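Notes follow once the structure below has been shown.
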Amino acid sequence: MLLEREGLLGALGDRMVDAGSGRGSLVLIAGEAGAGKTSLVRAFIENLNESTLILFGACDPLTTPRPLGPVRDFASDLPGLDLDRDPIDVFADILDRVRHTIRPVVLVLEDIHWADAATLDFLRYMGRRINDSKGVLVTTYRDDEIVGDHPARPLLGQLTPLSSTHLLPVPPLSLDAVTQLARDSGVDPEELMRITDGNAFFVTEVLASGGDLPTTVQEAVLARVAQLGGRARRVVEGVSVAPRSLEIPHAVVIADAELDDVDRALSAGVLIGEGNHLRFRHELARAAVEETLPPARRLGLHLRMLEILDGSDDLARIAHHAIRAGRSDLVVEHAPRAAAEAAKRGSSREAVAFYRAALNHPDILGPDRTADLRVRLADELRYVEEMDEAAEQMRLAIEYFRQVGAVEKLADGLSRLQAILWYLRRIDEGWPLMEEALALLRPRGPSELLAHTFYRAGHGYMVARKAGPAFSYNAEARRLAEELGSERVMFLTLMIEGANQIVMGDPHEGARLLQDAIVMAERMGNERYVSSALNMLGSGAGEARLYDVALPTLDRAVVLDLKLDADATLTYARSWQARIAFEQGRWDDAVSIAELVDRTTDLREGIAHITALSALGRVRVRRGDPGGASLLERMAMVARGHEVQHGWNAVCGLVEYHWLAGHTDGGAEELKHAYGRALDTDSPWGRGELGFWMWRIGLINAPPENAAEPFALQMAGDWEAAAGKWREFGCPYEVAMALADGPAEAQLEALDILDGLGARPLGDRIRNSLRSLGVDNLPPRPTERTLANPARLTDRQVEVLALIAEGYGNDEIADRLYISKKTVEHHVSAIYARLGVTTRAEAARAAHRLGVANRGASTPG
Amino acid sequence: MPRYMVERNFPSGLEIPSTEDGRKAMLGVVENNASEQVFWVQTFVTDDHTKTFCVYDGPSPEAVRRAAEINGLPVDRISEISVLDPYFYVGR
C-alpha cells in the first residue's frame, strides 16, 4: 500500500505521456534514506504499459562501487551492447537505442549517491540528451548525502536547470497517513510520528517489530530479525554482508542452511526475492544487520564469500570482500585489477580507492609492483584533482626507479611529474625534470617514449611562450615520429608547430598548420584530437586577434565538446568567445558568455574561469560599472601561479581601471611583475599589451622589442597608424584609445566610438580633454541612447528584432546572443509592445519598414 | 546581494501618471526586473523630473543593465552603495 504518493505517481505518469510524443525527460527523485523512493519507483514501474522497455540499474554501497554498475545491470536487456568499448561509445549506443525504439523506454538509475564516476558520466550524458527521445530517465538519491564535495553535486547542479529535468522530492508521511497505517496495531499514531518523523521505512519497521516501541530504525529492524529462528536468521545475516543482493544458492551455502530457511526469511518480510537473488527490503535494514554482527562472525562471512566468488570476474565484488575480510593477499591480487578496470571505464575515484587498498600492503606487493602502482595511482589522482598526493606518489616512484636504475620508467615518471607540477602551478620546479628525462632517454636511441617526451617538452614551452625550446623540441619530436612512423606523435607535433607559429611566429602560417592538424585528426577518426586542435586554433587565433579564424573555429569546438561531454575544453572554448567578444566591443555577449562559464565550470581557479572573468571585469571597467576592479584583482592573484599568458588581461584591466580613475600608480606593482615575466617570453601580444600599460602610466618610454604591432606603433607615438591597425583587427575600443592620443578631430571621432560602445569613463576623460582644448560644441552624453534607435528600441532589442526579421526562432536567438530563452521572450514581448504588433510576421514587416532588418546581430560594434 | 544606485537622465522629463496606465507601467517594470532577479527598492526624482536616482538590489551590475534594457530605461551610471548612518556617529 502506497500512501500519499498519488501526486508523485501522477507526475511520473505525465512524463510518460510527454515521452510518448517524443519529449523525453530526466526525473530526479530525492529524499532521505527510507523516505520511500524505491517503493515509489516500483509502484510506477508496476503500472506501466506492457510494451514499455524497462531498464533497471542500481548503484551499490560497495567499499568501492562497480564501475558503470547500473549499466551492467540492464546490459542484458540490450542485446549486442558491448560494454568493453570506450564509455562514450557505450553511452552513445544506449542513447541511440532509446532514440530509435518505437516503444517507450523507462531507464532507472537507483541510489546515485553511491554512483561511481563513470555512472555519473552516463547520467550527465543521458540527462542532457534525453529530451528528444521517447525515454524517461528516473534517478533516485538521498539528497541529504549529496552535499559538500560529493561528486554528484555539480552534476545535479548542471542538470536541474534543463527544461527536460523534473525534480520530485519525496516528503515524509503526514500524521494522517501514519494514523491510517497504525490503525489496527494498537500503537499510538502521534508517538509513532514523533519517533519516526514520518519516515516511511521506519514506520513500517516499527509496526512489524511488535513489542516495545523501538527508538531507532536499527532497533526496529533487529527486533524484527530476532523473531526469526536460528537458520533463517543466519540466511539474513549472510545476505547482509553482500552489498545490495546475494544469489540464493550462495545464501544457502554461506548460512549452512536449507532452501526452506530462505522461504522462512522471505515470509517474515525481512528479505525479498528478486529472480535468483535475495536482498533486504531496504539498505538501512542491511546496514543495521551487518553492523551488529559479532566481528568474528562478520569476518567469517566475508571469507566464505571470497571462497564462493573464487574465479569470478566480478573484480569489484571480490575486492570488496577481500578488504572487509582483511585478506591482504587477496586484496593485493584483485584490487589492482579492479582498479585498472575502473580506470578503463573512466571511474577514477574508484580506481584510486582500489589502488590505495592495494598499496596498503607494500610488504606483499614488493618494491617493484609498489612503484608501478604508485605511477598508476598518481595518474588517476590527477583526474580526481588530488594533485598534491599525485605529485607525492610520483615522487616516491621516481625515487625507487632512480635507486634501481630503471631508466625508462624513471624518464617517464619525471615527465609525468612535470605535468603534475604544472597543474600545481609549481611550473619552475618542472622544467629541470623534463630536461633530465630527455637527457636519460636521448642516448638510448629513437623510441616512441622519447618522441612523446620531446612533444611534451615542446608543448610545455609553447604554453610558456618560450620560442627557442618550443620550436626545437617539437621539431625533434616530429623528426622521430616520422622515423618511427608514429601517426599519433605526428599529429601532436603538427598541432604544436601550428600553435607555436600562431602565438610566437607567423600567425597566418600557424592557422594554416592548425587547419591541417584538424583535417589529420578527422582522418584518424579521433574526435578528442579534433577537439584539441580546434581549441588550439580558436584560442591561438584569438590571442593573435584573427577573429575571422577564431570565431567559427570556437563555434565548432563548442558543438563538438558538447557532443563529447568534454566540459573542460568546452568552457575553455567559451572563455575565449567571451574574451574575443570583449575585444570586439560586443560587451553584452562577453558578459553573457562569461556568466555562462562562471555558472558551469567546476574548476574555480582554472584558466577558463580566469579568462572569462577577466573579460567580464574588463567590460565593467570600460563601462564604468562597479565590481570590475575587485574581480580583476582576484583574477590577477589567482593567475600569478599560471603562465603569464593567462594573467595579463586581468593585470592590464586593473591598471586601466586605476588610470581611468586618475589614480597615479594603482596596480603598478602587479603590472611590473607581469611585464617582467612577459619580457622572458616570446609572446608579442603579451609584451605588447603589458608594455602598452607600462608606457601609458609612464614606467617605460619606448616599446619593448617584439611587441605586437598596433601597441608598438602607439607607444612610438604614431597614434594614427595604430588606430588604422586596430581598425583592421576589429577592436573599436582600442581604435578610440589610439585616436584619443591625436588632435581634437581625432578625439571627437574617438568619442563617437566610445559613446556607441557605452564606454563612459574614457568618454568622460576625452570630453574633459576636448573642453581644455577649447572645443565647446561637444556631443551630448549618450544617456538617452535608446532615443536614437528606431521606435525607441534598445540596442539589444534592435538585435533581437533583426534576428526575428531573418526568421530565427527564440531558441536560435538565445543561442546566437548567448542569453537565456526567457530573456529573449522578455525582449520579444517588449518589442511587440513598443511596435504595437502581436505576431512575428508583423514584427518582421516593421523591422523592414524601420530599416532594422539585416543589421546582423553579430556585427562587431 | 549588493545594492546599487542607478542614475538615469530623462532630458524631456519623466512623467508617470497616477492612473491605470501608470499602475500598469510600474507593474511591468517590477515584473521585468524579476526576470533578472533585480529588485527595485526606491527612486529619488529631481524637481524638474530630468534625473532619477534609483536604488536597486541585484546580483550584478550586468543584471541591472539587462533589466533596464528590457524596460527601455536609460542608464547613465551604476555605483555600488552601502549605508552611512549619521546618527551612528552623532548618537555616541
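Identifiers for the C-alpha cells are assigned positionally: chains receive A, B, ... in sequence, residues are indexed from 1 per chain, and ligands are indexed from 1 in the order shown.
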
Distance filter 6 Å, only C-alpha atoms, chain B against chain A, as a ChimeraX atom specification:
/B:70,74,76,78-80

Keeping N, CA, C and O atoms, export the residues of the selection given above as an mmCIF file, in the first residue's frame.
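Result written to part-v4.cif:
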```cif
data_model
loop_
_atom_site.group_PDB
_atom_site.id
_atom_site.type_symbol
_atom_site.label_atom_id
_atom_site.label_comp_id
_atom_site.auth_asym_id
_atom_site.auth_seq_id
_atom_site.Cartn_x
_atom_site.Cartn_y
_atom_site.Cartn_z
ATOM 1 N N ILE B 70 15.382 45.726 -20.879
ATOM 2 C CA ILE B 70 14.047 45.165 -21.098
ATOM 3 C C ILE B 70 12.990 46.252 -20.878
ATOM 4 O O ILE B 70 12.010 46.346 -21.606
ATOM 5 N N PRO B 74 16.908 54.357 -19.686
ATOM 6 C CA PRO B 74 18.315 54.718 -19.872
ATOM 7 C C PRO B 74 19.124 54.465 -18.603
ATOM 8 O O PRO B 74 18.578 54.499 -17.497
ATOM 9 N N ASP B 76 22.695 55.905 -16.907
ATOM 10 C CA ASP B 76 23.835 56.803 -17.050
ATOM 11 C C ASP B 76 25.029 56.265 -16.282
ATOM 12 O O ASP B 76 26.136 56.208 -16.784
ATOM 13 N N ILE B 78 26.099 53.376 -12.906
ATOM 14 C CA ILE B 78 25.737 52.448 -11.836
ATOM 15 C C ILE B 78 26.858 52.468 -10.804
ATOM 16 O O ILE B 78 28.030 52.341 -11.157
ATOM 17 N N SER B 79 26.502 52.645 -9.541
ATOM 18 C CA SER B 79 27.513 52.585 -8.488
ATOM 19 C C SER B 79 27.047 51.592 -7.432
ATOM 20 O O SER B 79 25.851 51.484 -7.166
ATOM 21 N N GLU B 80 27.994 50.878 -6.845
ATOM 22 C CA GLU B 80 27.634 50.020 -5.719
ATOM 23 C C GLU B 80 27.641 50.896 -4.468
ATOM 24 O O GLU B 80 28.551 51.711 -4.280
#
```

Write out as a VMD selection string which residues come within 10 Å of Gln158 of chain A when counting only C-alpha atoms, dropping same-chain ones fewer than 2 positions away.
chain A and resid 124 127 to 128 153 to 156 160 to 162 599 to 601

Would you save the residues of that selection, restricted to N, CA and C atoms, as a CSV table (one decimal), in the first residue's frame?
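So the final result, stored in out25.csv, reads:
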```
chain,number,residue,atom,x,y,z
A,124,ARG,N,25.1,12.2,-16.8
A,124,ARG,CA,25.3,13.5,-17.5
A,124,ARG,C,25.0,13.5,-18.9
A,127,GLY,N,21.2,12.6,-19.4
A,127,GLY,CA,20.4,13.7,-18.9
A,127,GLY,C,20.3,14.9,-19.8
A,128,ARG,N,21.4,15.1,-20.5
A,128,ARG,CA,21.5,16.3,-21.4
A,128,ARG,C,20.8,16.0,-22.8
A,153,ARG,N,27.2,16.3,-6.9
A,153,ARG,CA,26.6,17.6,-6.6
A,153,ARG,C,26.7,18.6,-7.8
A,154,PRO,N,27.9,18.8,-8.4
A,154,PRO,CA,28.0,19.7,-9.5
A,154,PRO,C,27.2,19.2,-10.7
A,155,LEU,N,27.1,17.9,-10.8
A,155,LEU,CA,26.3,17.3,-11.9
A,155,LEU,C,24.9,17.6,-11.8
A,156,LEU,N,24.3,17.4,-10.6
A,156,LEU,CA,22.9,17.7,-10.4
A,156,LEU,C,22.7,19.2,-10.6
A,160,THR,N,19.8,20.1,-13.3
A,160,THR,CA,18.5,20.6,-12.7
A,160,THR,C,17.9,21.8,-13.5
A,161,PRO,N,18.7,22.7,-14.1
A,161,PRO,CA,18.1,23.8,-14.8
A,161,PRO,C,17.5,23.5,-16.2
A,162,LEU,N,17.8,22.3,-16.7
A,162,LEU,CA,17.3,21.9,-18.0
A,162,LEU,C,15.8,21.8,-18.0
A,599,ARG,N,28.9,29.9,-14.3
A,599,ARG,CA,27.9,29.0,-13.8
A,599,ARG,C,28.2,27.6,-14.0
A,600,THR,N,29.0,27.3,-15.1
A,600,THR,CA,29.1,25.8,-15.5
A,600,THR,C,30.4,25.2,-15.2
A,601,THR,N,31.5,26.0,-14.8
A,601,THR,CA,32.8,25.4,-14.6
A,601,THR,C,32.9,24.8,-13.2
```

Which of these, A:Glu497, A:Asp567, A:Glu799, A:Glu543, has the shortest distance to Gln515 of chain A once you count only C-alpha atoms?
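Among the listed residues, the smallest separation from Gln515 of chain A belongs to A:Glu497.
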
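You can rank A:Glu274, A:Thr215, A:Arg304, A:Val108 by their closest distance to Ile254 of chain A using only C-alpha atoms, and at the top of that list sits A:Arg304.
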
Near Ala35 of chain A, counting only C-alpha atoms, which residues have an atom at most 8 Å away, once you skip same-chain residues fewer than 5 positions from it, shown as a ChimeraX atom specification?
/A:170-172,199-201

Using the selection just defined, write its residues with N, CA, C and O atoms as a PDB file, in the first residue's frame.
```
ATOM      1  N   VAL A 170      10.518  13.445  -2.354  1.00  0.00           N
ATOM      2  CA  VAL A 170       9.577  12.542  -1.680  1.00  0.00           C
ATOM      3  C   VAL A 170       9.468  12.994  -0.227  1.00  0.00           C
ATOM      4  O   VAL A 170      10.400  12.816   0.550  1.00  0.00           O
ATOM      5  N   PRO A 171       8.346  13.599   0.145  1.00  0.00           N
ATOM      6  CA  PRO A 171       8.232  14.143   1.500  1.00  0.00           C
ATOM      7  C   PRO A 171       7.927  13.034   2.519  1.00  0.00           C
ATOM      8  O   PRO A 171       7.511  11.938   2.135  1.00  0.00           O
ATOM      9  N   PRO A 172       8.148  13.296   3.817  1.00  0.00           N
ATOM     10  CA  PRO A 172       7.768  12.325   4.849  1.00  0.00           C
ATOM     11  C   PRO A 172       6.252  12.131   4.858  1.00  0.00           C
ATOM     12  O   PRO A 172       5.506  12.976   4.350  1.00  0.00           O
ATOM     13  N   ASN A 199       9.093   8.937   8.485  1.00  0.00           N
ATOM     14  CA  ASN A 199       9.931   8.167   7.548  1.00  0.00           C
ATOM     15  C   ASN A 199       9.240   6.839   7.245  1.00  0.00           C
ATOM     16  O   ASN A 199       9.021   6.019   8.137  1.00  0.00           O
ATOM     17  N   ALA A 200       8.907   6.627   5.962  1.00  0.00           N
ATOM     18  CA  ALA A 200       8.035   5.519   5.584  1.00  0.00           C
ATOM     19  C   ALA A 200       8.614   4.165   6.001  1.00  0.00           C
ATOM     20  O   ALA A 200       7.902   3.312   6.540  1.00  0.00           O
ATOM     21  N   PHE A 201       9.912   3.967   5.762  1.00  0.00           N
ATOM     22  CA  PHE A 201      10.525   2.694   6.096  1.00  0.00           C
ATOM     23  C   PHE A 201      10.513   2.450   7.602  1.00  0.00           C
ATOM     24  O   PHE A 201      10.155   1.383   8.088  1.00  0.00           O
TER      25      PHE A 201
END
```

Residues near segment 110-121 of chain A, anyone? I mean within 10 Å using only C-alpha atoms, not counting same-chain ones fewer than 6 positions away, as a ChimeraX atom specification.
/A:29-30,33,37-38,41,56-71,87-88,91,127,138-147,150-153,155-156,342-351,384,565

Return as a PyMOL selection string the full set of residues in segment 6-92 of chain B whose backbone-based DSSP assignment is strand (DSSP E or B).
chain B and resi 6-9+39-45+51-57+77-81

Excluding same-chain residues fewer than 4 positions from Leu534 of chain A, what lies within 8 Å of it counting only C-alpha atoms, as a short mmCIF file (atom, residue, chain, number, x, y, z; two decimals) with N, CA and C atoms, in the first residue's frame?
```cif
data_model
loop_
_atom_site.label_atom_id
_atom_site.label_comp_id
_atom_site.auth_asym_id
_atom_site.auth_seq_id
_atom_site.Cartn_x
_atom_site.Cartn_y
_atom_site.Cartn_z
N LEU A 514 47.38 24.54 -38.26
CA LEU A 514 46.35 24.00 -37.35
C LEU A 514 45.13 23.49 -38.12
N ILE A 518 43.65 19.73 -37.87
CA ILE A 518 42.23 19.36 -37.70
C ILE A 518 41.84 18.30 -38.73
N VAL A 530 40.50 16.08 -32.66
CA VAL A 530 39.86 17.17 -33.40
C VAL A 530 39.55 18.31 -32.44
N GLY A 538 41.34 27.98 -32.12
CA GLY A 538 40.42 29.03 -31.67
C GLY A 538 41.08 29.97 -30.69
N THR A 553 35.92 28.77 -35.60
CA THR A 553 36.60 27.60 -35.03
C THR A 553 36.07 27.31 -33.63
N LEU A 554 35.92 28.35 -32.83
CA LEU A 554 35.42 28.16 -31.47
C LEU A 554 33.98 27.65 -31.50
N ARG A 556 32.75 25.68 -33.73
CA ARG A 556 32.86 24.24 -34.00
C ARG A 556 33.33 23.49 -32.75
N ALA A 557 34.27 24.09 -32.03
CA ALA A 557 34.80 23.44 -30.82
C ALA A 557 33.68 23.25 -29.80
#
```

Segment 274-369 of chain A: which residues are helix (DSSP H, G or I) by DSSP, as number ranges by chain?
A: 283-291, 295-309, 315-325, 328-344, 348-359, 362-369

Hey, which of A:Asp89, A:Asp516, A:Glu656, A:Asp815 ends up closest to Ala533 of chain A? Count only C-alpha atoms.
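The closest residue to Ala533 of chain A is A:Asp516.
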
Find the residues near Pro11 of chain B: any atom within 8 Å, counting only C-alpha atoms, skip ones fewer than 2 places away on the same chain, and give them as a VMD selection string.
(chain A and resid 784) or (chain B and resid 9 13 50 to 51)

Within 12 Å of Asp57 of chain B, counting only C-alpha atoms, which residues qualify if same-chain residues fewer than 5 places away don't, as number ranges by chain?
B: 1-6, 33-34, 36-42, 63-64, 67, 78-82

Expressed in Å to a single decimal, how great is the separation between atom CA of Gln218 of chain A and atom CA of Gly198 of chain A?
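Calculated distance between atom CA of Gln218 of chain A and atom CA of Gly198 of chain A is 15.8 Å.
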
Just to confirm, what's the straight-line distance from atom CA of Arg369 of chain A to atom CA of Val352 of chain A in Å (one decimal)?
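Separating atom CA of Arg369 of chain A from atom CA of Val352 of chain A is a distance of 15.8 Å.
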